[in-house]
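J.: Structure file coords.csv (CSV, C-alpha atoms) is given on the next line.
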chain,number,residue,atom,x,y,z
A,1,MET,CA,0.0,0.0,0.0
A,2,SER,CA,1.2,3.5,-0.8
A,3,ASP,CA,2.0,6.1,1.8
A,4,THR,CA,-1.0,8.1,0.7
A,5,ALA,CA,-3.3,5.1,1.0
A,6,ALA,CA,-1.9,4.4,4.4
A,7,ARG,CA,-2.7,8.0,5.5
A,8,SER,CA,-6.2,7.9,4.1
A,9,GLY,CA,-7.0,4.5,5.4
A,10,THR,CA,-8.3,3.1,2.1
A,11,GLU,CA,-6.8,0.7,-0.4
A,12,PRO,CA,-6.1,2.4,-3.8
A,13,ALA,CA,-7.8,1.1,-6.9
A,14,GLU,CA,-5.6,-0.6,-9.4
A,15,GLN,CA,-5.6,-0.4,-13.2
A,16,ASP,CA,-3.4,-2.6,-15.3
A,17,GLY,CA,-1.5,-3.6,-12.2
A,18,GLN,CA,-0.7,0.0,-11.3
A,19,GLU,CA,-2.1,2.0,-8.4
A,20,THR,CA,-4.2,5.0,-9.4
A,21,ALA,CA,-2.7,8.3,-8.6
A,22,GLU,CA,-4.0,10.5,-5.8
A,23,PRO,CA,-6.6,12.9,-7.2
A,24,SER,CA,-5.3,16.4,-7.9
A,25,PRO,CA,-6.9,19.4,-6.1
A,26,LYS,CA,-8.8,20.2,-9.4
A,27,GLU,CA,-10.0,16.6,-9.8
A,28,ARG,CA,-11.1,16.6,-6.1
A,29,PHE,CA,-12.9,19.9,-6.6
A,30,GLU,CA,-14.8,18.6,-9.6
A,31,ARG,CA,-15.8,15.4,-7.8
A,32,ARG,CA,-16.9,17.5,-4.8
A,33,VAL,CA,-19.1,19.7,-7.0
A,34,VAL,CA,-20.8,16.6,-8.6
A,35,ALA,CA,-21.2,14.9,-5.2
A,36,TRP,CA,-22.5,18.0,-3.5
A,37,LYS,CA,-25.2,18.4,-6.2
A,38,ALA,CA,-26.3,14.8,-5.6
A,39,ALA,CA,-26.3,15.1,-1.8
A,40,GLY,CA,-29.6,15.1,0.0
A,41,ARG,CA,-28.4,16.9,3.1
A,42,VAL,CA,-25.8,19.7,3.3
A,43,LEU,CA,-25.1,22.7,5.4
A,44,TRP,CA,-24.8,25.0,2.5
A,45,ARG,CA,-25.2,24.9,-1.3
A,46,PRO,CA,-22.7,27.3,-3.0
A,47,GLY,CA,-24.1,29.1,-6.0
A,48,TYR,CA,-20.9,28.4,-8.0
A,49,GLN,CA,-21.6,24.7,-7.8
A,50,GLN,CA,-24.8,25.1,-9.9
A,51,THR,CA,-25.2,24.9,-13.6
A,52,LEU,CA,-25.7,27.8,-15.9
A,53,ARG,CA,-29.3,26.7,-16.4
A,54,GLU,CA,-29.9,26.5,-12.7
A,55,ARG,CA,-28.6,30.0,-12.1
A,56,LEU,CA,-30.5,31.5,-15.0
A,57,ASP,CA,-33.7,29.7,-13.8
A,58,TRP,CA,-33.2,31.2,-10.3
A,59,LEU,CA,-32.7,34.7,-11.7
A,60,SER,CA,-35.8,34.4,-14.0
A,61,GLU,CA,-38.0,33.1,-11.1
A,62,ALA,CA,-36.9,35.8,-8.6
A,63,ALA,CA,-36.1,38.9,-10.5
A,64,GLY,CA,-39.7,40.1,-10.9
A,65,ASP,CA,-39.9,40.4,-7.1
A,66,VAL,CA,-37.2,43.0,-6.9
A,67,CYS,CA,-37.5,45.0,-10.2
A,68,ASP,CA,-40.0,46.0,-12.9
A,69,LEU,CA,-38.8,43.8,-15.7
A,70,ASP,CA,-40.7,45.9,-18.2
A,71,GLY,CA,-38.4,48.8,-17.4
A,72,ARG,CA,-35.6,50.0,-19.7
A,73,ILE,CA,-32.3,48.0,-19.6
A,74,ASP,CA,-29.4,49.6,-17.8
A,75,MET,CA,-26.7,51.5,-19.8
A,76,TYR,CA,-23.4,52.4,-18.3
A,77,GLY,CA,-24.6,52.4,-14.7
A,78,ASP,CA,-28.0,53.9,-14.9
A,79,GLY,CA,-31.4,52.2,-14.4
A,80,VAL,CA,-31.4,49.1,-12.2
A,81,VAL,CA,-27.8,49.9,-11.2
A,82,GLU,CA,-28.8,53.1,-9.7
A,83,THR,CA,-31.7,51.3,-7.9
A,84,LEU,CA,-29.2,49.0,-6.3
A,85,GLU,CA,-26.9,51.9,-5.3
A,86,GLU,CA,-29.7,53.7,-3.6
A,87,ARG,CA,-30.8,50.6,-1.8
A,88,VAL,CA,-27.2,50.0,-0.5
A,89,ALA,CA,-26.7,53.6,0.6
A,90,GLY,CA,-30.0,53.4,2.5
A,91,LEU,CA,-29.1,50.1,4.3
A,92,LEU,CA,-25.7,51.4,5.3
A,93,GLY,CA,-26.9,54.9,6.2
A,94,ALA,CA,-24.6,56.5,3.7
A,95,GLU,CA,-25.1,59.6,1.4
A,96,ALA,CA,-24.4,57.6,-1.7
A,97,ALA,CA,-23.0,54.3,-3.1
A,98,ALA,CA,-21.3,53.1,-6.3
A,99,PHE,CA,-21.6,49.7,-7.8
A,100,PHE,CA,-18.4,47.9,-9.0
A,101,PRO,CA,-17.9,44.7,-10.9
A,102,THR,CA,-15.4,43.4,-8.3
A,103,GLY,CA,-14.4,44.1,-4.7
A,104,THR,CA,-10.8,44.3,-5.7
A,105,MET,CA,-11.5,47.2,-7.9
A,106,ALA,CA,-13.9,48.8,-5.4
A,107,GLN,CA,-11.5,48.9,-2.5
A,108,GLN,CA,-8.5,50.1,-4.6
A,109,VAL,CA,-10.6,53.0,-5.9
A,110,ALA,CA,-12.0,54.0,-2.5
A,111,LEU,CA,-8.6,54.0,-0.9
A,112,ARG,CA,-7.0,55.7,-3.8
A,113,CYS,CA,-9.6,58.5,-3.5
A,114,TRP,CA,-8.8,58.8,0.2
A,115,ALA,CA,-5.1,58.9,-0.4
A,116,GLY,CA,-5.6,61.9,-2.7
A,117,ARG,CA,-7.6,63.7,0.0
A,118,THR,CA,-5.3,62.9,2.9
A,119,GLY,CA,-2.1,63.3,1.0
A,120,ASN,CA,-0.9,60.0,2.4
A,121,PRO,CA,-1.0,56.7,0.3
A,122,THR,CA,-0.1,54.5,3.3
A,123,VAL,CA,-2.9,52.1,4.3
A,124,ALA,CA,-2.7,50.4,7.7
A,125,LEU,CA,-4.2,47.0,7.8
A,126,HIS,CA,-4.0,43.5,9.2
A,127,ALA,CA,-1.5,41.1,7.6
A,128,LEU,CA,-4.5,38.7,6.9
A,129,ASN,CA,-6.6,41.3,5.2
A,130,HIS,CA,-7.9,40.2,1.8
A,131,PRO,CA,-5.9,42.7,-0.2
A,132,GLU,CA,-2.7,41.5,1.4
A,133,VAL,CA,-3.4,37.8,0.9
A,134,HIS,CA,-5.6,37.3,-2.1
A,135,GLU,CA,-5.1,40.2,-4.5
A,136,ARG,CA,-1.5,39.9,-5.8
A,137,GLN,CA,-0.3,43.1,-4.3
A,138,ALA,CA,-2.9,45.1,-6.3
A,139,PHE,CA,-2.7,48.1,-3.9
A,140,SER,CA,1.0,48.7,-4.6
A,141,GLN,CA,1.2,47.3,-8.1
A,142,VAL,CA,-1.8,49.1,-9.6
A,143,SER,CA,-3.0,51.9,-7.3
A,144,GLY,CA,0.2,53.4,-5.9
A,145,LEU,CA,-0.9,52.6,-2.3
A,146,ARG,CA,1.5,51.4,0.4
A,147,PRO,CA,0.1,48.8,2.8
A,148,VAL,CA,1.6,48.5,6.2
A,149,ARG,CA,0.8,45.7,8.6
A,150,LEU,CA,-0.5,46.4,12.1
A,151,THR,CA,-0.4,42.8,13.3
A,152,ASP,CA,-0.5,39.2,12.0
A,153,GLU,CA,-2.2,37.8,15.1
A,154,PRO,CA,-5.5,35.9,14.4
A,155,ARG,CA,-7.6,38.7,15.8
A,156,MET,CA,-8.6,42.2,14.9
A,157,PRO,CA,-6.0,45.0,15.4
A,158,THR,CA,-6.2,46.7,18.8
A,159,ALA,CA,-6.5,50.4,19.6
A,160,GLU,CA,-3.0,50.3,21.0
A,161,GLU,CA,-1.6,48.9,17.8
A,162,VAL,CA,-3.3,51.6,15.8
A,163,ARG,CA,-2.3,54.4,18.2
A,164,ASP,CA,1.3,53.3,18.6
A,165,PHE,CA,2.1,52.4,15.1
A,166,PRO,CA,5.5,53.9,14.4
A,167,GLU,CA,4.8,55.7,11.1
A,168,PRO,CA,2.0,57.9,9.7
A,169,PHE,CA,-0.8,56.4,7.6
A,170,GLY,CA,-3.6,58.1,5.7
A,171,ALA,CA,-6.2,55.3,6.0
A,172,LEU,CA,-7.0,52.4,8.3
A,173,LEU,CA,-8.6,49.4,6.6
A,174,LEU,CA,-10.7,47.1,8.9
A,175,GLU,CA,-12.0,43.8,7.5
A,176,LEU,CA,-15.2,42.9,9.3
A,177,PRO,CA,-15.2,39.9,9.8
A,178,LEU,CA,-11.6,39.0,9.4
A,179,ARG,CA,-12.1,35.9,7.2
A,180,ASP,CA,-8.6,34.4,7.1
A,181,ALA,CA,-8.4,34.6,10.9
A,182,GLY,CA,-11.6,32.5,11.3
A,183,PHE,CA,-14.3,35.1,10.5
A,184,VAL,CA,-13.6,36.9,13.7
A,185,LEU,CA,-15.0,40.2,14.9
A,186,PRO,CA,-14.0,42.5,17.8
A,187,THR,CA,-16.5,43.5,20.4
A,188,TRP,CA,-18.4,46.7,19.8
A,189,GLU,CA,-16.3,48.5,22.4
A,190,GLU,CA,-13.1,47.3,20.8
A,191,LEU,CA,-14.2,48.4,17.4
A,192,THR,CA,-15.1,51.9,18.5
A,193,GLU,CA,-11.8,52.2,20.4
A,194,VAL,CA,-9.9,51.2,17.2
A,195,VAL,CA,-11.8,53.8,15.2
A,196,GLU,CA,-11.2,56.5,17.8
A,197,ALA,CA,-7.5,55.6,17.8
A,198,ALA,CA,-7.4,56.1,14.0
A,199,ARG,CA,-9.2,59.4,14.3
A,200,GLU,CA,-6.6,60.6,16.9
A,201,ARG,CA,-4.0,60.1,14.1
A,202,ASP,CA,-6.1,62.0,11.6
A,203,ALA,CA,-6.6,58.9,9.5
A,204,VAL,CA,-9.8,57.9,7.7
A,205,VAL,CA,-11.4,54.6,8.4
A,206,HIS,CA,-12.5,52.2,5.6
A,207,ILE,CA,-14.4,49.0,6.3
A,208,ASP,CA,-13.8,46.0,4.1
A,209,GLY,CA,-17.3,44.7,4.7
A,210,ALA,CA,-17.4,41.9,2.1
A,211,ARG,CA,-19.3,40.0,4.8
A,212,LEU,CA,-20.6,42.9,6.8
A,213,TRP,CA,-24.2,41.8,6.2
A,214,GLU,CA,-23.9,39.0,8.8
A,215,CYS,CA,-22.2,41.1,11.5
A,216,THR,CA,-25.4,42.6,13.1
A,217,PRO,CA,-26.1,39.7,15.5
A,218,HIS,CA,-22.6,39.8,17.0
A,219,PHE,CA,-22.6,43.6,17.5
A,220,GLY,CA,-26.3,43.8,18.4
A,221,ARG,CA,-26.6,46.9,16.2
A,222,PRO,CA,-28.1,47.7,12.8
A,223,LEU,CA,-26.0,47.9,9.6
A,224,ALA,CA,-26.2,51.6,9.4
A,225,GLU,CA,-24.8,52.1,12.9
A,226,ILE,CA,-21.9,49.7,12.2
A,227,ALA,CA,-21.1,51.3,8.9
A,228,GLY,CA,-21.5,54.7,10.4
A,229,LEU,CA,-18.3,54.3,12.4
A,230,ALA,CA,-16.3,54.4,9.1
A,231,ASP,CA,-15.7,57.1,6.5
A,232,SER,CA,-16.4,54.5,3.7
A,233,VAL,CA,-17.6,50.9,3.4
A,234,TYR,CA,-17.2,48.2,0.8
A,235,VAL,CA,-19.7,45.4,0.6
A,236,SER,CA,-20.0,42.3,-1.6
A,237,PHE,CA,-23.1,40.8,-3.1
A,238,TYR,CA,-22.1,37.2,-3.5
A,239,LYS,CA,-20.2,36.1,-0.5
A,240,SER,CA,-23.2,36.0,1.8
A,241,LEU,CA,-26.1,37.1,-0.4
A,242,GLY,CA,-25.7,34.5,-3.1
A,243,GLY,CA,-25.4,37.0,-6.0
A,244,PHE,CA,-23.5,36.4,-9.2
A,245,GLY,CA,-20.8,38.9,-8.1
A,246,GLY,CA,-20.4,42.6,-7.8
A,247,ALA,CA,-19.6,45.0,-5.0
A,248,ALA,CA,-20.4,48.5,-3.8
A,249,VAL,CA,-18.6,51.4,-2.0
A,250,ALA,CA,-20.7,53.6,0.2
A,251,GLY,CA,-19.8,56.9,1.8
A,252,PRO,CA,-20.0,60.7,1.3
A,253,LYS,CA,-21.4,61.7,-2.0
A,254,THR,CA,-18.3,63.6,-3.0
A,255,LEU,CA,-16.2,60.5,-2.4
A,256,VAL,CA,-18.6,58.3,-4.4
A,257,ASP,CA,-18.7,60.7,-7.3
A,258,GLU,CA,-14.9,60.6,-7.5
A,259,ALA,CA,-15.0,56.8,-7.1
A,260,LYS,CA,-17.3,56.6,-10.2
A,261,THR,CA,-14.8,58.5,-12.2
A,262,TRP,CA,-12.0,56.2,-11.2
A,263,ARG,CA,-14.3,53.2,-11.8
A,264,HIS,CA,-14.4,54.3,-15.4
A,265,ARG,CA,-10.7,54.6,-15.5
A,266,TYR,CA,-10.2,51.2,-14.0
A,267,GLY,CA,-12.4,49.6,-16.7
A,268,GLY,CA,-15.4,49.1,-14.5
A,269,MET,CA,-17.9,51.2,-16.5
A,270,ILE,CA,-19.6,48.2,-18.1
A,271,ILE,CA,-22.3,48.8,-20.7
A,272,GLN,CA,-24.9,46.4,-19.1
A,273,GLN,CA,-24.7,44.7,-15.7
A,274,PHE,CA,-28.4,43.9,-15.0
A,275,PRO,CA,-27.9,40.1,-14.4
A,276,THR,CA,-25.4,40.7,-11.6
A,277,VAL,CA,-27.3,43.7,-10.3
A,278,LEU,CA,-30.6,41.8,-10.2
A,279,SER,CA,-29.0,38.9,-8.4
A,280,ALA,CA,-27.7,41.4,-5.8
A,281,LEU,CA,-31.2,42.9,-5.3
A,282,ILE,CA,-32.5,39.3,-4.9
A,283,GLY,CA,-29.9,38.6,-2.3
A,284,LEU,CA,-30.8,41.8,-0.4
A,285,GLU,CA,-34.5,40.9,-0.5
A,286,ARG,CA,-34.2,37.2,0.3
A,287,GLU,CA,-30.9,36.3,2.0
A,288,LEU,CA,-30.2,39.4,4.1
A,289,PRO,CA,-33.3,38.9,6.4
A,290,ARG,CA,-32.3,35.3,7.0
A,291,LEU,CA,-28.6,35.9,8.0
A,292,PRO,CA,-29.4,36.3,11.7
A,293,ASP,CA,-31.0,32.9,11.7
A,294,TYR,CA,-27.9,31.4,9.9
A,295,VAL,CA,-25.6,33.0,12.5
A,296,ALA,CA,-27.7,31.6,15.4
A,297,HIS,CA,-27.8,28.1,13.9
A,298,ALA,CA,-24.0,28.2,13.1
A,299,ARG,CA,-23.4,28.3,16.9
A,300,VAL,CA,-25.5,25.1,17.3
A,301,VAL,CA,-23.7,23.4,14.4
A,302,ALA,CA,-20.2,24.4,15.6
A,303,GLY,CA,-20.9,23.0,19.0
A,304,ALA,CA,-22.4,19.8,17.7
A,305,LEU,CA,-19.5,19.3,15.2
A,306,ARG,CA,-16.9,19.6,18.0
A,307,GLU,CA,-18.8,17.2,20.3
A,308,GLY,CA,-19.5,14.6,17.6
A,309,LEU,CA,-15.9,14.5,16.3
A,310,THR,CA,-14.6,14.3,19.9
A,311,GLU,CA,-17.0,11.6,20.9
A,312,ALA,CA,-15.9,9.6,17.9
A,313,GLY,CA,-12.3,9.7,19.1
A,314,VAL,CA,-10.9,12.3,16.7
A,315,PRO,CA,-8.1,14.0,18.8
A,316,LEU,CA,-7.4,17.7,19.2
A,317,VAL,CA,-10.6,18.9,17.4
A,318,ARG,CA,-10.7,22.7,17.2
A,319,VAL,CA,-13.6,24.8,16.2
A,320,PHE,CA,-12.7,28.5,15.8
A,321,PRO,CA,-14.1,30.7,17.1
A,322,GLU,CA,-15.6,28.3,19.7
A,323,GLU,CA,-18.8,30.3,19.4
A,324,PRO,CA,-18.9,31.6,15.8
A,325,HIS,CA,-19.2,35.3,15.3
A,326,THR,CA,-21.0,34.9,12.0
A,327,HIS,CA,-22.5,32.0,10.1
A,328,GLN,CA,-19.0,30.9,9.1
A,329,PHE,CA,-16.2,29.4,11.1
A,330,GLN,CA,-13.1,27.2,10.9
A,331,VAL,CA,-12.6,23.5,11.8
A,332,TRP,CA,-9.1,22.3,12.5
A,333,LEU,CA,-8.1,18.6,12.6
A,334,PRO,CA,-4.7,16.9,13.2
A,335,TYR,CA,-4.3,15.3,9.7
A,336,GLU,CA,-2.7,16.1,6.4
A,337,PRO,CA,-5.1,18.1,4.2
A,338,ASP,CA,-5.4,15.4,1.6
A,339,VAL,CA,-6.5,12.9,4.2
A,340,VAL,CA,-9.4,14.9,5.5
A,341,ALA,CA,-10.3,16.1,2.0
A,342,ASN,CA,-10.6,12.5,0.8
A,343,ALA,CA,-12.7,11.6,3.9
A,344,ALA,CA,-15.0,14.5,3.3
A,345,LEU,CA,-15.4,13.6,-0.3
A,346,ARG,CA,-16.0,10.0,0.5
A,347,GLN,CA,-18.7,10.9,3.0
A,348,VAL,CA,-20.7,13.0,0.6
A,349,GLU,CA,-20.3,10.5,-2.3
A,350,GLU,CA,-21.2,7.5,-0.3
A,351,THR,CA,-23.8,8.8,2.2
A,352,LYS,CA,-25.3,11.8,0.2
A,353,THR,CA,-24.6,13.9,3.4
A,354,GLY,CA,-22.1,16.8,3.3
A,355,LEU,CA,-20.5,18.7,6.2
A,356,PHE,CA,-17.6,20.3,4.4
A,357,ALA,CA,-18.3,22.2,1.2
A,358,GLN,CA,-14.9,23.8,1.0
A,359,GLY,CA,-11.4,22.4,0.5
A,360,TRP,CA,-8.9,21.7,3.3
A,361,ASN,CA,-5.8,23.9,3.8
A,362,ARG,CA,-2.5,23.1,5.5
A,363,GLY,CA,-2.3,24.7,8.9
A,364,GLY,CA,1.1,23.2,9.8
A,365,PRO,CA,2.8,19.8,9.8
A,366,GLY,CA,0.0,17.2,10.2
A,367,LEU,CA,-2.6,19.9,10.6
A,368,ALA,CA,-5.5,20.9,8.3
A,369,TYR,CA,-8.3,23.3,8.5
A,370,THR,CA,-11.4,24.2,6.5
A,371,GLU,CA,-14.2,26.7,6.5
A,372,VAL,CA,-17.8,25.8,7.3
A,373,THR,CA,-20.7,27.8,6.2
A,374,VAL,CA,-24.2,27.4,7.6
A,375,ALA,CA,-27.0,28.7,5.3
A,376,GLY,CA,-30.6,27.9,4.4
A,377,PRO,CA,-30.1,24.1,4.0
A,378,GLY,CA,-28.3,23.9,7.3
A,379,LEU,CA,-31.3,25.2,9.2
A,380,GLU,CA,-32.9,21.8,8.7
A,381,TRP,CA,-30.2,20.1,10.8
A,382,THR,CA,-30.6,19.5,14.5
A,383,ALA,CA,-27.6,19.2,16.8
A,384,ASP,CA,-28.1,15.4,16.8
A,385,ASP,CA,-28.1,15.3,13.0
A,386,VAL,CA,-24.8,17.2,13.0
A,387,LYS,CA,-23.3,14.8,15.6
A,388,ALA,CA,-24.3,11.8,13.6
A,389,ALA,CA,-22.8,13.1,10.4
A,390,ALA,CA,-19.6,14.1,12.4
A,391,ARG,CA,-19.3,10.5,13.7
A,392,ALA,CA,-19.8,9.1,10.2
A,393,PHE,CA,-17.1,11.5,8.9
A,394,ALA,CA,-14.8,10.4,11.7
A,395,GLY,CA,-15.3,6.8,10.7
A,396,MET,CA,-13.7,7.5,7.3
A,397,LEU,CA,-10.5,9.0,8.9
A,398,PRO,CA,-7.5,6.8,9.6
A,399,ASP,CA,-7.1,5.4,13.1
A,400,ARG,CA,-4.5,7.5,14.8
A,401,THR,CA,-4.1,5.1,17.8
A,402,GLY,CA,-2.3,2.6,15.5
A,403,ALA,CA,-4.9,0.0,16.3
Show the structure stored in the file as structure tokens.

T.:
Amino acid sequence: MSDTAARSGTEPAEQDGQETAEPSPKERFERRVVAWKAAGRVLWRPGYQQTLRERLDWLSEAAGDVCDLDGRIDMYGDGVVETLEERVAGLLGAEAAAFFPTGTMAQQVALRCWAGRTGNPTVALHALNHPEVHERQAFSQVSGLRPVRLTDEPRMPTAEEVRDFPEPFGALLLELPLRDAGFVLPTWEELTEVVEAARERDAVVHIDGARLWECTPHFGRPLAEIAGLADSVYVSFYKSLGGFGGAAVAGPKTLVDEAKTWRHRYGGMIIQQFPTVLSALIGLERELPRLPDYVAHARVVAGALREGLTEAGVPLVRVFPEEPHTHQFQVWLPYEPDVVANAALRQVEETKTGLFAQGWNRGGPGLAYTEVTVAGPGLEWTADDVKAAARAFAGMLPDRTGA
């Protein structure tokens, strides 16, 4: 038996006397998409796993609830695009908002505008902020901004770190929640203290709110009050709301007007965007009101997952945060990523029940973690259902006792 097979606890299939190779990440992803579609019970069904026909059928069925479909089509940002911008500005308590095709473009433009107004292109942020980790140095390579890292700890920056940072910065970027640290949020008091510390330094505050929509239960405050702490806010329409894509920047009208100019310069003035915009409006209408229920149930699921895996004998199970701050959280297990990925794939293929929709990442030697999302389908699961599925998943992992 190969080393890989020994780790996964399964005999490899053979063809022409040769062991089949371990599936590549792409092959595993494609198999997971197929298996997830066939599954009867899952915690979340990502939109990107659907077919073109399914997504178009969804749009056709729901669009009439959010827009007059006999109205004129949008052209270069008018019509239904303006409808979405007005809706977002209202929800966030801002003077205005601008729609962007991507969040990467939206945040670069917002912070570029602020740099021009403050005279300082330096942006203070967390080392795990999305622009630092996932955007190929776009701030510095494209927009002339200079990111500086306040901390790399798996938590939000503190007021002391902001106040005592040894060089000037024009803007403070806060990602709420901080996804790569485990979808973590500060307390309301900590957040307000951080904002006050930035103000003391005459810096503007910009919220990376790709997932801001689901933060209201944790803070116990409405969206407008949370967003109102900052000078500008970016939000996404697909990460929690299930839209096709797209983003918006909200803030003072003068900033938004300038942002629209830069949007054109960056190539974001697209002739027609109604499919993406309609999907965003549907998400605001249908998913936004349900997010508090998802957050509440994520806490039930997280606790049941930890208990079920521990009761099944899986060592060193870690759910982080122990009580999720949003409807998403991390699960850490003491195995190599390919081992747990194969077990998760086998579970959904063989039992038609899926716990882990995402891939597994290396967290260190012999350590893997994944992200769990609880959405509409997950509301049907009881704690006992989750524990049973967790025990079944554990049964597909190798025995670490050597027995």

J.: Give me, please, the distance in Å between atom CA of Tyr369 of chain A and atom CA of Leu345 of chain A, quoted to one decimal.

T.: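 Atom CA of Leu345 of chain A lies 14.9 Å from atom CA of Tyr369 of chain A.
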
J.: What are the closest atom pairs, with distances in Å to one decimal, for all residues of segment 199-232 of chain A lying within 10 Å of segment 246-264 of chain A? Consider all atoms listed in the file, order rows by chain and residue number, and present the result as JSON lines.

T.:
{"residue": "A:His206", "atom": "CA", "partner": "A:Gly251", "partner_atom": "CA", "distance": 9.5}
{"residue": "A:Ile207", "atom": "CA", "partner": "A:Val249", "partner_atom": "CA", "distance": 9.6}
{"residue": "A:Asp208", "atom": "CA", "partner": "A:Val249", "partner_atom": "CA", "distance": 9.5}
{"residue": "A:Gly209", "atom": "CA", "partner": "A:Val249", "partner_atom": "CA", "distance": 9.6}
{"residue": "A:Ala210", "atom": "CA", "partner": "A:Ala247", "partner_atom": "CA", "distance": 8.1}
{"residue": "A:Ala227", "atom": "CA", "partner": "A:Ala250", "partner_atom": "CA", "distance": 9.0}
{"residue": "A:Gly228", "atom": "CA", "partner": "A:Gly251", "partner_atom": "CA", "distance": 9.0}
{"residue": "A:Ala230", "atom": "CA", "partner": "A:Gly251", "partner_atom": "CA", "distance": 8.5}
{"residue": "A:Asp231", "atom": "CA", "partner": "A:Gly251", "partner_atom": "CA", "distance": 6.2}
{"residue": "A:Ser232", "atom": "CA", "partner": "A:Gly251", "partner_atom": "CA", "distance": 4.6}

J.: Would you mind telling me which residue in A:Gly354, A:His218, A:Leu316, A:Pro275 lies nearest to Leu69 of chain A when using only C-alpha atoms?

T.: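 Nearest candidate to Leu69 of chain A out of A:Gly354, A:His218, A:Leu316, A:Pro275: A:Pro275.
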
J.: What are the closest atom pairs, with distances in Å to one decimal, for all residues of segment 124-219 of chain A lying within 10 Å of segment 112-119 of chain A? Consider all atoms listed in the file, order rows by chain and residue number, and present the result as a Markdown table.

T.:
| residue | atom | partner | partner_atom | distance |
| --- | --- | --- | --- | --- |
| A:Phe139 | CA | A:Arg112 | CA | 8.7 |
| A:Ser143 | CA | A:Arg112 | CA | 6.5 |
| A:Gly144 | CA | A:Arg112 | CA | 7.8 |
| A:Leu145 | CA | A:Arg112 | CA | 7.0 |
| A:Phe169 | CA | A:Thr118 | CA | 9.2 |
| A:Gly170 | CA | A:Thr118 | CA | 5.8 |
| A:Ala171 | CA | A:Trp114 | CA | 7.3 |
| A:Asp202 | CA | A:Thr118 | CA | 8.8 |
| A:Ala203 | CA | A:Thr118 | CA | 7.8 |
| A:Val204 | CA | A:Trp114 | CA | 7.6 |
| A:Val205 | CA | A:Trp114 | CA | 9.6 |
| A:His206 | CA | A:Trp114 | CA | 9.3 |

J.: Put those residues in a file: C-alpha atoms, as a compact mmCIF listing (two decimals), keeping the file's coordinate frame.

T.:
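Wrote it out as result31.txt, contents follow:
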# COMPACT_ATOMS: atom_id res chain seq x y z
CA PHE A 139 -2.70 48.10 -3.90
CA SER A 143 -3.00 51.90 -7.30
CA GLY A 144 0.20 53.40 -5.90
CA LEU A 145 -0.90 52.60 -2.30
CA PHE A 169 -0.80 56.40 7.60
CA GLY A 170 -3.60 58.10 5.70
CA ALA A 171 -6.20 55.30 6.00
CA ASP A 202 -6.10 62.00 11.60
CA ALA A 203 -6.60 58.90 9.50
CA VAL A 204 -9.80 57.90 7.70
CA VAL A 205 -11.40 54.60 8.40
CA HIS A 206 -12.50 52.20 5.60

J.: To one decimal place, how far is atom CA of Arg32 of chain A from atom CA of Phe320 of chain A in Å?

T.: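 Interatomic distance here is 23.7 Å.
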
J.: What are the nearest atom pairs, with distances in Å to one decimal, for all residues of segment 185-268 of chain A that come at most 12 Å from segment 276-292 of chain A, using all atoms listed in the file, set out by chain and rising residue number as a tab-separated table?

T.:
residue	atom	partner	partner_atom	distance
A:Arg211	CA	A:Leu291	CA	10.7
A:Leu212	CA	A:Leu288	CA	10.6
A:Trp213	CA	A:Leu288	CA	6.8
A:Glu214	CA	A:Leu291	CA	5.7
A:Cys215	CA	A:Pro292	CA	8.7
A:Thr216	CA	A:Pro292	CA	7.6
A:Pro217	CA	A:Pro292	CA	6.1
A:His218	CA	A:Pro292	CA	9.3
A:Phe219	CA	A:Pro292	CA	11.5
A:Gly220	CA	A:Pro292	CA	10.5
A:Arg221	CA	A:Pro292	CA	11.9
A:Pro222	CA	A:Pro292	CA	11.5
A:Leu223	CA	A:Leu288	CA	11.0
A:Val235	CA	A:Ala280	CA	11.0
A:Ser236	CA	A:Ala280	CA	8.8
A:Phe237	CA	A:Ala280	CA	5.4
A:Tyr238	CA	A:Ala280	CA	7.4
A:Lys239	CA	A:Gly283	CA	10.2
A:Ser240	CA	A:Glu287	CA	7.7
A:Leu241	CA	A:Gly283	CA	4.5
A:Gly242	CA	A:Gly283	CA	5.9
A:Gly243	CA	A:Ser279	CA	4.7
A:Phe244	CA	A:Thr276	CA	5.3
A:Gly245	CA	A:Thr276	CA	6.1
A:Gly246	CA	A:Thr276	CA	6.6
A:Ala247	CA	A:Ala280	CA	8.9
A:Ala248	CA	A:Ala280	CA	10.4

J.: Between atom CA of Asp74 of chain A and atom CA of Gln272 of chain A, what is the distance in Å, rounded to a tenth?

T.: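 Pair atom CA of Asp74 of chain A / atom CA of Gln272 of chain A returns 5.7 Å.
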
J.: When you count all atoms listed in the file, which of these residues is closest to Thr187 of chain A: A:Gln347, A:His325, A:Glu61, A:Thr310?

T.: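 For Thr187 of chain A, the nearest of the given residues is A:His325.
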
J.: With 3 Å added on each side, what axis-aligned box encloses every listed atom of segment 62-66 of chain A? Give the centre and edge lengths in Å to one decimal, as lines of an AutoDock Vina configuration file.

T.:
center_x = -38.0
center_y = 39.4
center_z = -8.9
size_x = 9.8
size_y = 13.2
size_z = 10.0

J.: Point out the residue among A:Gly93, A:Leu43, A:Pro365, A:Pro321 with the least atom-to-atom distance to Pro186 of chain A, counting all atoms listed in the file.

T.: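 Between A:Gly93, A:Leu43, A:Pro365, A:Pro321, the residue approaching Pro186 of chain A most closely is A:Pro321.
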
J.: Neighbourhood query: residues within 12 Å of (-29.4, 28.5, 9.4), file coordinates, counting only C-alpha atoms; return as a ChimeraX atom specification.

T.: /A:42-44,214,287,289-302,326-328,373-382

J.: May I ask which of the residues A:Val319, A:Ala124, A:Leu309, A:Ala138 is the closest one to Ala392 of chain A, counting all atoms listed in the file?

T.: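 Among the listed residues, the smallest separation from Ala392 of chain A belongs to A:Leu309.
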